[in-house]
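As stored in query_34.cif (mmCIF, N, CA and C atoms and all ligand atoms):
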```
data_model
#
loop_
_atom_site.label_atom_id
_atom_site.label_comp_id
_atom_site.auth_asym_id
_atom_site.auth_seq_id
_atom_site.Cartn_x
_atom_site.Cartn_y
_atom_site.Cartn_z
N MET A 1 -5.81 13.77 11.53
CA MET A 1 -6.20 12.91 10.40
C MET A 1 -5.37 11.62 10.46
N SER A 2 -6.05 10.48 10.60
CA SER A 2 -5.35 9.19 10.68
C SER A 2 -5.35 8.47 9.34
N ILE A 3 -4.20 7.96 9.01
CA ILE A 3 -4.03 7.22 7.74
C ILE A 3 -3.39 5.87 8.05
N LEU A 4 -3.96 4.83 7.46
CA LEU A 4 -3.37 3.50 7.61
C LEU A 4 -2.48 3.22 6.40
N VAL A 5 -1.24 2.82 6.66
CA VAL A 5 -0.34 2.39 5.59
C VAL A 5 -0.24 0.88 5.69
N LEU A 6 -0.83 0.23 4.71
CA LEU A 6 -1.03 -1.22 4.76
C LEU A 6 -0.14 -1.90 3.71
N ASN A 7 0.70 -2.79 4.16
CA ASN A 7 1.60 -3.49 3.24
C ASN A 7 1.40 -4.99 3.33
N GLY A 8 1.39 -5.62 2.17
CA GLY A 8 1.14 -7.06 2.08
C GLY A 8 2.41 -7.89 2.00
N PRO A 9 2.28 -9.10 1.46
CA PRO A 9 3.35 -10.09 1.46
C PRO A 9 4.66 -9.61 0.83
N ASN A 10 5.74 -10.00 1.48
CA ASN A 10 7.12 -9.77 1.03
C ASN A 10 7.62 -8.34 1.22
N LEU A 11 6.75 -7.42 1.60
CA LEU A 11 7.22 -6.04 1.76
C LEU A 11 8.03 -5.88 3.05
N SER A 12 7.94 -6.86 3.93
CA SER A 12 8.80 -6.87 5.12
C SER A 12 10.27 -7.08 4.73
N ARG A 13 10.49 -7.53 3.51
CA ARG A 13 11.84 -7.87 3.06
C ARG A 13 12.51 -6.73 2.29
N LEU A 14 11.85 -5.59 2.24
CA LEU A 14 12.45 -4.46 1.52
C LEU A 14 13.83 -4.14 2.10
N GLY A 15 14.74 -3.74 1.22
CA GLY A 15 16.11 -3.48 1.66
C GLY A 15 17.00 -4.67 1.33
N LYS A 16 16.44 -5.87 1.52
CA LYS A 16 17.19 -7.10 1.22
C LYS A 16 16.71 -7.72 -0.08
N ARG A 17 15.44 -7.48 -0.37
CA ARG A 17 14.77 -8.15 -1.48
C ARG A 17 14.97 -7.39 -2.81
N GLU A 18 15.61 -8.03 -3.77
CA GLU A 18 15.77 -7.46 -5.12
C GLU A 18 15.92 -5.93 -5.10
N PRO A 19 17.01 -5.43 -4.49
CA PRO A 19 17.15 -3.97 -4.36
C PRO A 19 17.20 -3.23 -5.70
N GLU A 20 17.61 -3.96 -6.74
CA GLU A 20 17.65 -3.31 -8.07
C GLU A 20 16.24 -2.97 -8.56
N ILE A 21 15.24 -3.65 -8.00
CA ILE A 21 13.84 -3.36 -8.37
C ILE A 21 13.16 -2.50 -7.31
N TYR A 22 13.38 -2.87 -6.04
CA TYR A 22 12.60 -2.24 -4.97
C TYR A 22 13.38 -1.21 -4.14
N GLY A 23 14.67 -1.04 -4.46
CA GLY A 23 15.47 -0.04 -3.75
C GLY A 23 16.12 -0.59 -2.48
N HIS A 24 16.85 0.28 -1.82
CA HIS A 24 17.64 -0.13 -0.65
C HIS A 24 16.97 0.21 0.68
N GLN A 25 15.91 0.96 0.63
CA GLN A 25 15.25 1.33 1.89
C GLN A 25 14.45 0.15 2.44
N THR A 26 14.47 0.03 3.75
CA THR A 26 13.63 -0.98 4.40
C THR A 26 12.22 -0.40 4.55
N LEU A 27 11.28 -1.24 4.93
CA LEU A 27 9.92 -0.75 5.15
C LEU A 27 9.91 0.25 6.31
N GLU A 28 10.72 -0.05 7.31
CA GLU A 28 10.86 0.86 8.45
C GLU A 28 11.37 2.24 7.99
N ASP A 29 12.36 2.25 7.10
CA ASP A 29 12.88 3.52 6.54
C ASP A 29 11.75 4.29 5.85
N ILE A 30 10.96 3.58 5.06
CA ILE A 30 9.87 4.22 4.32
C ILE A 30 8.85 4.80 5.30
N ASN A 31 8.51 4.01 6.31
CA ASN A 31 7.53 4.47 7.30
C ASN A 31 8.04 5.71 8.06
N LEU A 32 9.31 5.66 8.46
CA LEU A 32 9.89 6.81 9.18
C LEU A 32 9.92 8.05 8.29
N GLY A 33 10.19 7.82 6.99
CA GLY A 33 10.22 8.92 6.02
C GLY A 33 8.85 9.60 5.94
N LEU A 34 7.79 8.81 6.00
CA LEU A 34 6.44 9.38 5.94
C LEU A 34 6.15 10.22 7.18
N VAL A 35 6.53 9.68 8.33
CA VAL A 35 6.29 10.41 9.60
C VAL A 35 7.03 11.74 9.58
N LYS A 36 8.26 11.70 9.05
CA LYS A 36 9.08 12.91 8.99
C LYS A 36 8.51 13.94 8.01
N SER A 37 8.05 13.45 6.86
CA SER A 37 7.55 14.36 5.82
C SER A 37 6.18 14.94 6.13
N PHE A 38 5.39 14.18 6.90
CA PHE A 38 4.01 14.63 7.19
C PHE A 38 3.75 14.61 8.69
N PRO A 39 4.44 15.51 9.45
CA PRO A 39 4.31 15.47 10.91
C PRO A 39 2.89 15.78 11.39
N GLU A 40 2.10 16.39 10.53
CA GLU A 40 0.74 16.76 10.93
C GLU A 40 -0.22 15.56 10.88
N LEU A 41 0.22 14.48 10.28
CA LEU A 41 -0.67 13.32 10.13
C LEU A 41 -0.39 12.26 11.18
N ASN A 42 -1.42 11.49 11.45
CA ASN A 42 -1.29 10.40 12.41
C ASN A 42 -1.29 9.07 11.64
N PHE A 43 -0.10 8.47 11.49
CA PHE A 43 0.02 7.25 10.71
C PHE A 43 -0.10 6.01 11.57
N GLU A 44 -0.73 5.01 11.00
CA GLU A 44 -0.63 3.66 11.58
C GLU A 44 -0.04 2.78 10.48
N PHE A 45 0.91 1.93 10.87
CA PHE A 45 1.57 1.07 9.89
C PHE A 45 1.26 -0.38 10.20
N PHE A 46 0.96 -1.12 9.16
CA PHE A 46 0.68 -2.55 9.35
C PHE A 46 1.18 -3.32 8.13
N GLN A 47 1.94 -4.37 8.40
CA GLN A 47 2.41 -5.25 7.31
C GLN A 47 2.11 -6.68 7.70
N THR A 48 1.68 -7.46 6.72
CA THR A 48 1.44 -8.88 6.98
C THR A 48 1.78 -9.71 5.75
N GLU A 49 2.15 -10.95 6.00
CA GLU A 49 2.40 -11.87 4.88
C GLU A 49 1.10 -12.56 4.47
N GLU A 50 0.03 -12.33 5.22
CA GLU A 50 -1.19 -13.13 5.02
C GLU A 50 -2.37 -12.32 4.46
N GLU A 51 -3.00 -12.90 3.49
CA GLU A 51 -4.16 -12.25 2.84
C GLU A 51 -5.28 -11.97 3.85
N GLY A 52 -5.61 -12.98 4.67
CA GLY A 52 -6.72 -12.82 5.62
C GLY A 52 -6.46 -11.70 6.62
N ALA A 53 -5.23 -11.60 7.07
CA ALA A 53 -4.88 -10.57 8.06
C ALA A 53 -4.99 -9.17 7.45
N LEU A 54 -4.69 -9.10 6.17
CA LEU A 54 -4.80 -7.80 5.46
C LEU A 54 -6.27 -7.36 5.41
N LEU A 55 -7.14 -8.31 5.08
CA LEU A 55 -8.58 -8.03 5.01
C LEU A 55 -9.10 -7.64 6.39
N GLU A 56 -8.69 -8.40 7.39
CA GLU A 56 -9.17 -8.13 8.76
C GLU A 56 -8.75 -6.75 9.24
N LYS A 57 -7.54 -6.34 8.88
CA LYS A 57 -7.07 -5.01 9.28
C LYS A 57 -7.94 -3.93 8.64
N LEU A 58 -8.24 -4.13 7.38
CA LEU A 58 -9.08 -3.18 6.66
C LEU A 58 -10.47 -3.09 7.31
N PHE A 59 -11.05 -4.22 7.63
CA PHE A 59 -12.38 -4.23 8.27
C PHE A 59 -12.31 -3.59 9.66
N HIS A 60 -11.22 -3.87 10.35
CA HIS A 60 -11.06 -3.34 11.71
C HIS A 60 -11.07 -1.81 11.71
N ILE A 61 -10.27 -1.22 10.81
CA ILE A 61 -10.21 0.26 10.82
C ILE A 61 -11.51 0.87 10.27
N GLU A 62 -12.15 0.16 9.35
CA GLU A 62 -13.45 0.62 8.83
C GLU A 62 -14.47 0.69 9.98
N ASP A 63 -14.51 -0.37 10.77
CA ASP A 63 -15.51 -0.44 11.85
C ASP A 63 -15.16 0.49 13.02
N LYS A 64 -13.86 0.64 13.26
CA LYS A 64 -13.41 1.51 14.34
C LYS A 64 -13.71 2.97 14.02
N GLY A 65 -13.55 3.33 12.75
CA GLY A 65 -13.78 4.70 12.31
C GLY A 65 -12.61 5.61 12.65
N GLY A 66 -12.67 6.83 12.16
CA GLY A 66 -11.62 7.81 12.47
C GLY A 66 -10.46 7.79 11.49
N TYR A 67 -10.47 6.85 10.55
CA TYR A 67 -9.39 6.82 9.55
C TYR A 67 -9.89 7.49 8.28
N ARG A 68 -9.04 8.39 7.73
CA ARG A 68 -9.48 9.14 6.55
C ARG A 68 -9.08 8.46 5.25
N GLY A 69 -8.15 7.51 5.34
CA GLY A 69 -7.75 6.83 4.12
C GLY A 69 -6.73 5.75 4.38
N VAL A 70 -6.52 4.95 3.33
CA VAL A 70 -5.57 3.84 3.42
C VAL A 70 -4.64 3.90 2.21
N LEU A 71 -3.33 3.77 2.47
CA LEU A 71 -2.37 3.57 1.38
C LEU A 71 -2.10 2.09 1.38
N LEU A 72 -2.31 1.44 0.26
CA LEU A 72 -2.18 -0.01 0.21
C LEU A 72 -1.17 -0.45 -0.83
N ASN A 73 -0.11 -1.13 -0.37
CA ASN A 73 0.74 -1.88 -1.29
C ASN A 73 0.46 -3.34 -0.98
N ALA A 74 -0.32 -3.95 -1.84
CA ALA A 74 -0.77 -5.33 -1.58
C ALA A 74 0.22 -6.37 -2.07
N GLY A 75 1.39 -5.93 -2.62
CA GLY A 75 2.36 -6.89 -3.14
C GLY A 75 1.71 -7.76 -4.21
N ALA A 76 2.06 -9.03 -4.22
CA ALA A 76 1.56 -9.92 -5.27
C ALA A 76 0.05 -10.13 -5.21
N LEU A 77 -0.57 -9.89 -4.06
CA LEU A 77 -2.04 -10.04 -3.96
C LEU A 77 -2.75 -9.12 -4.95
N THR A 78 -2.07 -8.03 -5.29
CA THR A 78 -2.58 -7.07 -6.28
C THR A 78 -3.07 -7.77 -7.54
N HIS A 79 -2.34 -8.81 -7.91
CA HIS A 79 -2.55 -9.39 -9.23
C HIS A 79 -3.58 -10.52 -9.27
N TYR A 80 -3.99 -11.00 -8.09
CA TYR A 80 -4.91 -12.15 -8.14
C TYR A 80 -5.96 -12.22 -7.03
N SER A 81 -5.88 -11.35 -6.04
CA SER A 81 -6.77 -11.55 -4.89
C SER A 81 -8.14 -10.88 -5.09
N ILE A 82 -9.09 -11.67 -5.52
CA ILE A 82 -10.47 -11.17 -5.67
C ILE A 82 -11.05 -10.91 -4.28
N ALA A 83 -10.58 -11.68 -3.30
CA ALA A 83 -11.03 -11.46 -1.92
C ALA A 83 -10.63 -10.05 -1.45
N LEU A 84 -9.43 -9.63 -1.80
CA LEU A 84 -8.98 -8.29 -1.42
C LEU A 84 -9.78 -7.23 -2.17
N ARG A 85 -10.01 -7.48 -3.45
CA ARG A 85 -10.82 -6.55 -4.24
C ARG A 85 -12.21 -6.38 -3.61
N ASP A 86 -12.83 -7.50 -3.25
CA ASP A 86 -14.17 -7.44 -2.64
C ASP A 86 -14.14 -6.70 -1.31
N ALA A 87 -13.06 -6.92 -0.55
CA ALA A 87 -12.93 -6.24 0.75
C ALA A 87 -12.84 -4.73 0.55
N ILE A 88 -12.03 -4.30 -0.42
CA ILE A 88 -11.86 -2.86 -0.67
C ILE A 88 -13.19 -2.25 -1.14
N SER A 89 -13.88 -2.96 -2.04
CA SER A 89 -15.13 -2.38 -2.54
C SER A 89 -16.23 -2.40 -1.48
N GLY A 90 -16.03 -3.19 -0.43
CA GLY A 90 -17.03 -3.27 0.63
C GLY A 90 -16.82 -2.31 1.79
N VAL A 91 -15.75 -1.52 1.74
CA VAL A 91 -15.52 -0.54 2.81
C VAL A 91 -15.71 0.87 2.25
N THR A 92 -15.95 1.82 3.15
CA THR A 92 -16.18 3.20 2.68
C THR A 92 -14.89 4.03 2.72
N VAL A 93 -13.92 3.59 3.52
CA VAL A 93 -12.67 4.35 3.65
C VAL A 93 -11.94 4.32 2.28
N PRO A 94 -11.48 5.51 1.79
CA PRO A 94 -10.80 5.51 0.49
C PRO A 94 -9.45 4.81 0.53
N VAL A 95 -9.21 3.99 -0.48
CA VAL A 95 -7.96 3.21 -0.56
C VAL A 95 -7.19 3.64 -1.81
N ILE A 96 -5.91 3.98 -1.61
CA ILE A 96 -5.03 4.33 -2.73
C ILE A 96 -4.03 3.20 -2.92
N GLU A 97 -3.96 2.70 -4.14
CA GLU A 97 -3.04 1.59 -4.45
C GLU A 97 -1.66 2.16 -4.76
N VAL A 98 -0.65 1.65 -4.08
CA VAL A 98 0.71 2.12 -4.37
C VAL A 98 1.64 0.93 -4.66
N HIS A 99 2.61 1.18 -5.51
CA HIS A 99 3.66 0.19 -5.81
C HIS A 99 4.99 0.91 -5.93
N LEU A 100 6.02 0.28 -5.43
CA LEU A 100 7.37 0.83 -5.59
C LEU A 100 7.80 0.78 -7.05
N SER A 101 7.59 -0.38 -7.67
CA SER A 101 8.00 -0.54 -9.07
C SER A 101 6.85 -0.16 -9.99
N ASN A 102 7.19 0.05 -11.26
CA ASN A 102 6.16 0.33 -12.26
C ASN A 102 5.63 -1.02 -12.76
N ILE A 103 4.50 -1.43 -12.23
CA ILE A 103 4.01 -2.79 -12.54
C ILE A 103 3.68 -2.94 -14.03
N TYR A 104 3.44 -1.82 -14.71
CA TYR A 104 3.09 -1.88 -16.13
C TYR A 104 4.32 -2.05 -17.03
N ALA A 105 5.50 -1.93 -16.43
CA ALA A 105 6.73 -2.10 -17.21
C ALA A 105 7.41 -3.42 -16.86
N ARG A 106 6.69 -4.31 -16.19
CA ARG A 106 7.30 -5.56 -15.73
C ARG A 106 6.67 -6.78 -16.41
N GLU A 107 6.80 -7.94 -15.80
CA GLU A 107 6.26 -9.16 -16.40
C GLU A 107 4.77 -9.00 -16.68
N GLU A 108 4.28 -9.76 -17.66
CA GLU A 108 2.88 -9.63 -18.06
C GLU A 108 1.92 -9.88 -16.89
N PHE A 109 2.25 -10.87 -16.05
CA PHE A 109 1.31 -11.19 -14.96
C PHE A 109 1.20 -10.06 -13.94
N ARG A 110 2.21 -9.16 -13.93
CA ARG A 110 2.15 -8.03 -12.98
C ARG A 110 1.42 -6.83 -13.58
N GLN A 111 1.19 -6.88 -14.87
CA GLN A 111 0.61 -5.71 -15.53
C GLN A 111 -0.88 -5.59 -15.29
N LYS A 112 -1.44 -6.62 -14.68
CA LYS A 112 -2.88 -6.56 -14.35
C LYS A 112 -3.03 -6.44 -12.84
N SER A 113 -3.80 -5.45 -12.43
CA SER A 113 -4.16 -5.31 -11.02
C SER A 113 -5.65 -5.58 -10.89
N VAL A 114 -6.02 -6.51 -10.03
CA VAL A 114 -7.45 -6.78 -9.85
C VAL A 114 -8.08 -5.82 -8.83
N ILE A 115 -7.25 -4.98 -8.21
CA ILE A 115 -7.78 -4.06 -7.19
C ILE A 115 -7.90 -2.61 -7.67
N SER A 116 -7.23 -2.27 -8.77
CA SER A 116 -7.21 -0.85 -9.20
C SER A 116 -8.60 -0.26 -9.36
N ALA A 117 -9.51 -1.03 -9.93
CA ALA A 117 -10.84 -0.50 -10.24
C ALA A 117 -11.64 -0.14 -8.99
N VAL A 118 -11.27 -0.71 -7.85
CA VAL A 118 -12.01 -0.38 -6.63
C VAL A 118 -11.21 0.54 -5.70
N CYS A 119 -10.02 0.95 -6.17
CA CYS A 119 -9.22 1.92 -5.41
C CYS A 119 -9.51 3.31 -5.98
N VAL A 120 -9.20 4.33 -5.21
CA VAL A 120 -9.42 5.70 -5.68
C VAL A 120 -8.48 6.01 -6.84
N GLY A 121 -7.26 5.52 -6.76
CA GLY A 121 -6.26 5.74 -7.81
C GLY A 121 -5.06 4.87 -7.56
N VAL A 122 -4.11 4.94 -8.50
CA VAL A 122 -2.93 4.07 -8.45
C VAL A 122 -1.67 4.90 -8.62
N ILE A 123 -0.66 4.65 -7.78
CA ILE A 123 0.64 5.29 -7.94
C ILE A 123 1.67 4.18 -8.00
N SER A 124 2.41 4.13 -9.10
CA SER A 124 3.27 2.97 -9.34
C SER A 124 4.55 3.41 -10.03
N GLY A 125 5.69 3.02 -9.47
CA GLY A 125 6.94 3.22 -10.20
C GLY A 125 7.87 4.28 -9.65
N PHE A 126 7.56 4.86 -8.51
CA PHE A 126 8.40 5.94 -7.98
C PHE A 126 9.18 5.53 -6.75
N GLY A 127 9.38 4.24 -6.57
CA GLY A 127 10.11 3.77 -5.40
C GLY A 127 9.41 4.18 -4.12
N ALA A 128 10.21 4.49 -3.10
CA ALA A 128 9.62 4.90 -1.81
C ALA A 128 8.75 6.14 -1.96
N ASN A 129 9.07 6.95 -2.98
CA ASN A 129 8.30 8.17 -3.20
C ASN A 129 6.85 7.88 -3.59
N SER A 130 6.57 6.67 -4.06
CA SER A 130 5.17 6.31 -4.37
C SER A 130 4.30 6.48 -3.13
N TYR A 131 4.85 6.15 -1.96
CA TYR A 131 4.07 6.27 -0.72
C TYR A 131 3.83 7.75 -0.40
N HIS A 132 4.86 8.59 -0.61
CA HIS A 132 4.71 10.03 -0.34
C HIS A 132 3.67 10.64 -1.28
N LEU A 133 3.75 10.24 -2.55
CA LEU A 133 2.79 10.76 -3.53
C LEU A 133 1.38 10.29 -3.18
N GLY A 134 1.29 9.07 -2.65
CA GLY A 134 0.00 8.54 -2.23
C GLY A 134 -0.60 9.36 -1.10
N VAL A 135 0.22 9.76 -0.15
CA VAL A 135 -0.26 10.58 0.97
C VAL A 135 -0.73 11.93 0.43
N ARG A 136 0.07 12.51 -0.48
CA ARG A 136 -0.32 13.80 -1.07
C ARG A 136 -1.66 13.68 -1.79
N ALA A 137 -1.83 12.58 -2.51
CA ALA A 137 -3.10 12.37 -3.24
C ALA A 137 -4.26 12.29 -2.25
N LEU A 138 -4.03 11.64 -1.15
CA LEU A 138 -5.08 11.48 -0.12
C LEU A 138 -5.42 12.83 0.49
N ILE A 139 -4.41 13.63 0.78
CA ILE A 139 -4.64 14.96 1.35
C ILE A 139 -5.48 15.79 0.37
N GLY A 140 -5.10 15.73 -0.91
CA GLY A 140 -5.82 16.48 -1.94
C GLY A 140 -7.27 16.04 -2.02
N LEU A 141 -7.45 14.76 -1.91
CA LEU A 141 -8.79 14.18 -2.01
C LEU A 141 -9.69 14.64 -0.88
N LEU A 142 -9.09 14.81 0.28
CA LEU A 142 -9.88 15.12 1.47
C LEU A 142 -10.09 16.62 1.68
N SER A 143 -9.28 17.45 0.95
CA SER A 143 -9.40 18.88 1.24
C SER A 143 -10.32 19.57 0.25
C1 LIG A 201 4.96 -4.47 -5.71
C2 LIG A 201 4.80 -5.07 -7.12
C3 LIG A 201 4.22 -6.47 -7.04
O1 LIG A 201 4.12 -7.02 -8.37
C4 LIG A 201 5.11 -7.38 -6.22
O2 LIG A 201 4.52 -8.65 -6.10
C5 LIG A 201 5.46 -6.81 -4.91
C6 LIG A 201 5.77 -5.38 -4.81
C7 LIG A 201 5.67 -3.10 -5.75
O3 LIG A 201 5.60 -2.41 -4.75
O4 LIG A 201 6.31 -2.76 -6.74
O5 LIG A 201 5.56 -7.51 -3.90
O6 LIG A 201 3.67 -4.28 -5.16
#
```

Written as structure tokens, that's how I'd like the structure from this file.
Ligand code: DQA
Amino acid sequence: MSILVLNGPNLSRLGKREPEIYGHQTLEDINLGLVKSFPELNFEFFQTEEEGALLEKLFHIEDKGGYRGVLLNAGALTHYSIALRDAISGVTVPVIEVHLSNIYAREEFRQKSVISAVCVGVISGFGANSYHLGVRALIGLLS
């Protein structure tokens, strides 16, 4: 079972970026943690600072086939990218929205996600564990 873990802008800076909000783990640490916790799964990891590249990756795996789901932390694109929303609603692969921080407990502009309605579900506020919970949710969904 192949799963794409897709991360958007600024998530490459985890570990250095506002650790009081996002924790001390790097994105690499989080990715390695997933591989270790779910050895039976085949993960692909992709991070980009660019909106277009995020969309293209989603289309690429949709067309290639063989992927059972996507864990998506879209970073700030979550709050304003209608292009990303349209891309998610235009693919058949299930997408789970994840966030390290609890976006509903933060600034007002972060409390709205324009992608939640087209994702299967949302996991927000559990730090790196949000990704693990997202994988569990995906497994549950598929079994
Ligand atoms: C984030 C929350 C977003 O509001 C923010 O722009 C991020 C990270 C999170 O994982 O908590 O870049 O998606």

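With all atoms listed in the file as the basis for measurement, A:Glu107 is the residue among A:Glu44, A:Asp29, A:Glu107, A:Asp86 that approaches ligand LIG 201 (chain A) most closely.
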
Enclose all atoms of ligand LIG 201 (chain A) listed in the file in an axis-aligned box, grow every side by 4 Å, and hand back centre and edge lengths in Å to one decimal, as lines of an AutoDock Vina configuration file.
```
center_x = 5.0
center_y = -5.5
center_z = -6.1
size_x = 10.6
size_y = 14.2
size_z = 12.5
```

Out of chain A, which residues get helix (DSSP H, G or I) from DSSP, as number ranges by chain? A: 11-13, 19-22, 27-37, 51-64, 75-79, 82-89, 103-105, 108-110, 116-118, 129-142

Name the residues, by chain letter and number, that sit within 6 Å of ligand LIG 201 (chain A) using only C-alpha atoms and all ligand atoms, and give them as a PDB file with N, CA and C atoms, in the coordinates of the input.
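Okay, result25.pdb is ready:
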```
ATOM      1  N   ASN A  10       5.740 -10.000   1.480  1.00  0.00           N
ATOM      2  CA  ASN A  10       7.120  -9.770   1.030  1.00  0.00           C
ATOM      3  C   ASN A  10       7.620  -8.340   1.220  1.00  0.00           C
ATOM      4  N   ASN A  73      -0.110  -1.130  -0.370  1.00  0.00           N
ATOM      5  CA  ASN A  73       0.740  -1.880  -1.290  1.00  0.00           C
ATOM      6  C   ASN A  73       0.460  -3.340  -0.980  1.00  0.00           C
ATOM      7  N   ALA A  74      -0.320  -3.950  -1.840  1.00  0.00           N
ATOM      8  CA  ALA A  74      -0.770  -5.330  -1.580  1.00  0.00           C
ATOM      9  C   ALA A  74       0.220  -6.370  -2.070  1.00  0.00           C
ATOM     10  N   GLY A  75       1.390  -5.930  -2.620  1.00  0.00           N
ATOM     11  CA  GLY A  75       2.360  -6.890  -3.140  1.00  0.00           C
ATOM     12  C   GLY A  75       1.710  -7.760  -4.210  1.00  0.00           C
ATOM     13  N   ALA A  76       2.060  -9.030  -4.220  1.00  0.00           N
ATOM     14  CA  ALA A  76       1.560  -9.920  -5.270  1.00  0.00           C
ATOM     15  C   ALA A  76       0.050 -10.130  -5.210  1.00  0.00           C
ATOM     16  N   HIS A  99       2.610   1.180  -5.510  1.00  0.00           N
ATOM     17  CA  HIS A  99       3.660   0.190  -5.810  1.00  0.00           C
ATOM     18  C   HIS A  99       4.990   0.910  -5.930  1.00  0.00           C
ATOM     19  N   LEU A 100       6.020   0.280  -5.430  1.00  0.00           N
ATOM     20  CA  LEU A 100       7.370   0.830  -5.590  1.00  0.00           C
ATOM     21  C   LEU A 100       7.800   0.780  -7.050  1.00  0.00           C
ATOM     22  N   SER A 101       7.590  -0.380  -7.670  1.00  0.00           N
ATOM     23  CA  SER A 101       8.000  -0.540  -9.070  1.00  0.00           C
ATOM     24  C   SER A 101       6.850  -0.160  -9.990  1.00  0.00           C
ATOM     25  N   ILE A 103       4.500  -1.430 -12.230  1.00  0.00           N
ATOM     26  CA  ILE A 103       4.010  -2.790 -12.540  1.00  0.00           C
ATOM     27  C   ILE A 103       3.680  -2.940 -14.030  1.00  0.00           C
ATOM     28  N   ARG A 110       2.210  -9.160 -13.930  1.00  0.00           N
ATOM     29  CA  ARG A 110       2.150  -8.030 -12.980  1.00  0.00           C
ATOM     30  C   ARG A 110       1.420  -6.830 -13.580  1.00  0.00           C
TER      31      ARG A 110
END
```

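If you count only C-alpha atoms and ignore residues fewer than 5 places along the chain from Val118 (chain A), what sits within 9 Å of it is Arg85, Asp86, Ile88, Ser89 and Val95 of chain A.
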
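Among A:Ala83, A:Ile61, A:Asn102, A:Glu28, the residue with the shortest atom-to-atom distance to Phe126 (chain A), counting only N, CA and C atoms, is A:Asn102.
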
Counting all atoms listed in the file, the option among A:Leu6, A:Leu84, A:Leu11, A:Leu141 closest to Val114 (chain A): A:Leu84

Extract, using only C-alpha atoms, all DNA, RNA and protein residues at most 10 Å from Glu40 (chain A), discarding same-chain residues fewer than 3 positions from it, and format them as a VMD selection string. chain A and resid 1 to 2 35 to 37 43

Would you mind reading off the distance between atom C of Ile82 (chain A) and CA of Glu56 (chain A), one decimal, in Å? 13.5 Å

Once you count all atoms listed in the file, which residues end up no further than 5 Å from (-2.4, 3.8, -4.9) in the file's frame, shown as a ChimeraX atom specification? /A:96-98,121-123

Any idea what the distance is between atom N of Gly90 (chain A) and atom N of Glu50 (chain A)? 19.3 Å

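In this structure, atom N of Gly69 (chain A) sits 11.4 Å away from atom C of Arg136 (chain A).
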
Considering only N, CA and C atoms, state which residue in the set A:Ser12, A:Ser113, A:Thr48, A:Thr92 is at the smallest distance from Thr78 (chain A). A:Ser113

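Inside chain A, the residues DSSP reads as strand (DSSP E) when given the backbone are Ser2, Ile3, Leu4, Val5, Leu6, Asn7, Asn42, Phe43, Glu44, Phe45, Phe46, Gln47, Tyr67, Arg68, Gly69, Val70, Leu71, Leu72, Asn73, Val95, Ile96, Glu97, Val98, His99, Gly121, Val122, Ile123 and Ser124 of chain A.
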
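For the choices A:Leu72, A:Ile30, A:Leu77, A:Phe45, the atom-to-atom distance to Ser124 (chain A) is smallest for A:Leu72 when using only C-alpha atoms.
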
For the point (16.7, -1.5, 4.4) in the file's frame, write as JSON, numbers by chain all residues with an atom no more than 8 Å away, counting all atoms listed in the file. {"A": [13, 14, 15, 16, 17, 23, 24, 25, 26, 27, 28, 29, 30]}

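When only C-alpha atoms are used to compute distances to Glu49 (chain A), the closest of the residues A:Glu20, A:Pro9, A:Pro94, A:Leu34 turns out to be A:Pro9.
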
Asp63 (chain A) surroundings by only C-alpha atoms, 12 Å radius, close-in-sequence under 3 positions cut, as a PyMOL selection string: chain A and resi 56-60+66-67+90-93

Grab region 130-140 of chain A from that structure and dump N, CA and C atoms to a file, as a CSV table (one decimal), in the first residue's frame.
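The resulting selection-v7.csv:
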```
chain,number,residue,atom,x,y,z
A,130,SER,N,0.2,14.1,14.5
A,130,SER,CA,-0.9,14.3,13.6
A,130,SER,C,-0.7,13.5,12.3
A,131,TYR,N,0.6,13.3,11.9
A,131,TYR,CA,0.9,12.5,10.7
A,131,TYR,C,0.6,11.1,11.0
A,132,HIS,N,1.0,10.6,12.2
A,132,HIS,CA,0.8,9.2,12.6
A,132,HIS,C,-0.7,8.9,12.6
A,133,LEU,N,-1.5,9.8,13.2
A,133,LEU,CA,-2.9,9.7,13.3
A,133,LEU,C,-3.6,9.7,11.9
A,134,GLY,N,-3.0,10.5,11.1
A,134,GLY,CA,-3.5,10.5,9.7
A,134,GLY,C,-3.3,9.2,9.0
A,135,VAL,N,-2.1,8.6,9.2
A,135,VAL,CA,-1.9,7.3,8.6
A,135,VAL,C,-2.9,6.3,9.1
A,136,ARG,N,-3.1,6.3,10.4
A,136,ARG,CA,-4.1,5.4,11.0
A,136,ARG,C,-5.4,5.6,10.5
A,137,ALA,N,-5.8,6.8,10.3
A,137,ALA,CA,-7.1,7.1,9.7
A,137,ALA,C,-7.3,6.5,8.3
A,138,LEU,N,-6.2,6.7,7.6
A,138,LEU,CA,-6.2,6.2,6.2
A,138,LEU,C,-6.3,4.6,6.1
A,139,ILE,N,-5.6,4.0,7.0
A,139,ILE,CA,-5.6,2.5,7.1
A,139,ILE,C,-7.1,2.1,7.4
A,140,GLY,N,-7.7,2.8,8.4
A,140,GLY,CA,-9.0,2.5,8.8
A,140,GLY,C,-10.0,2.7,7.6
```
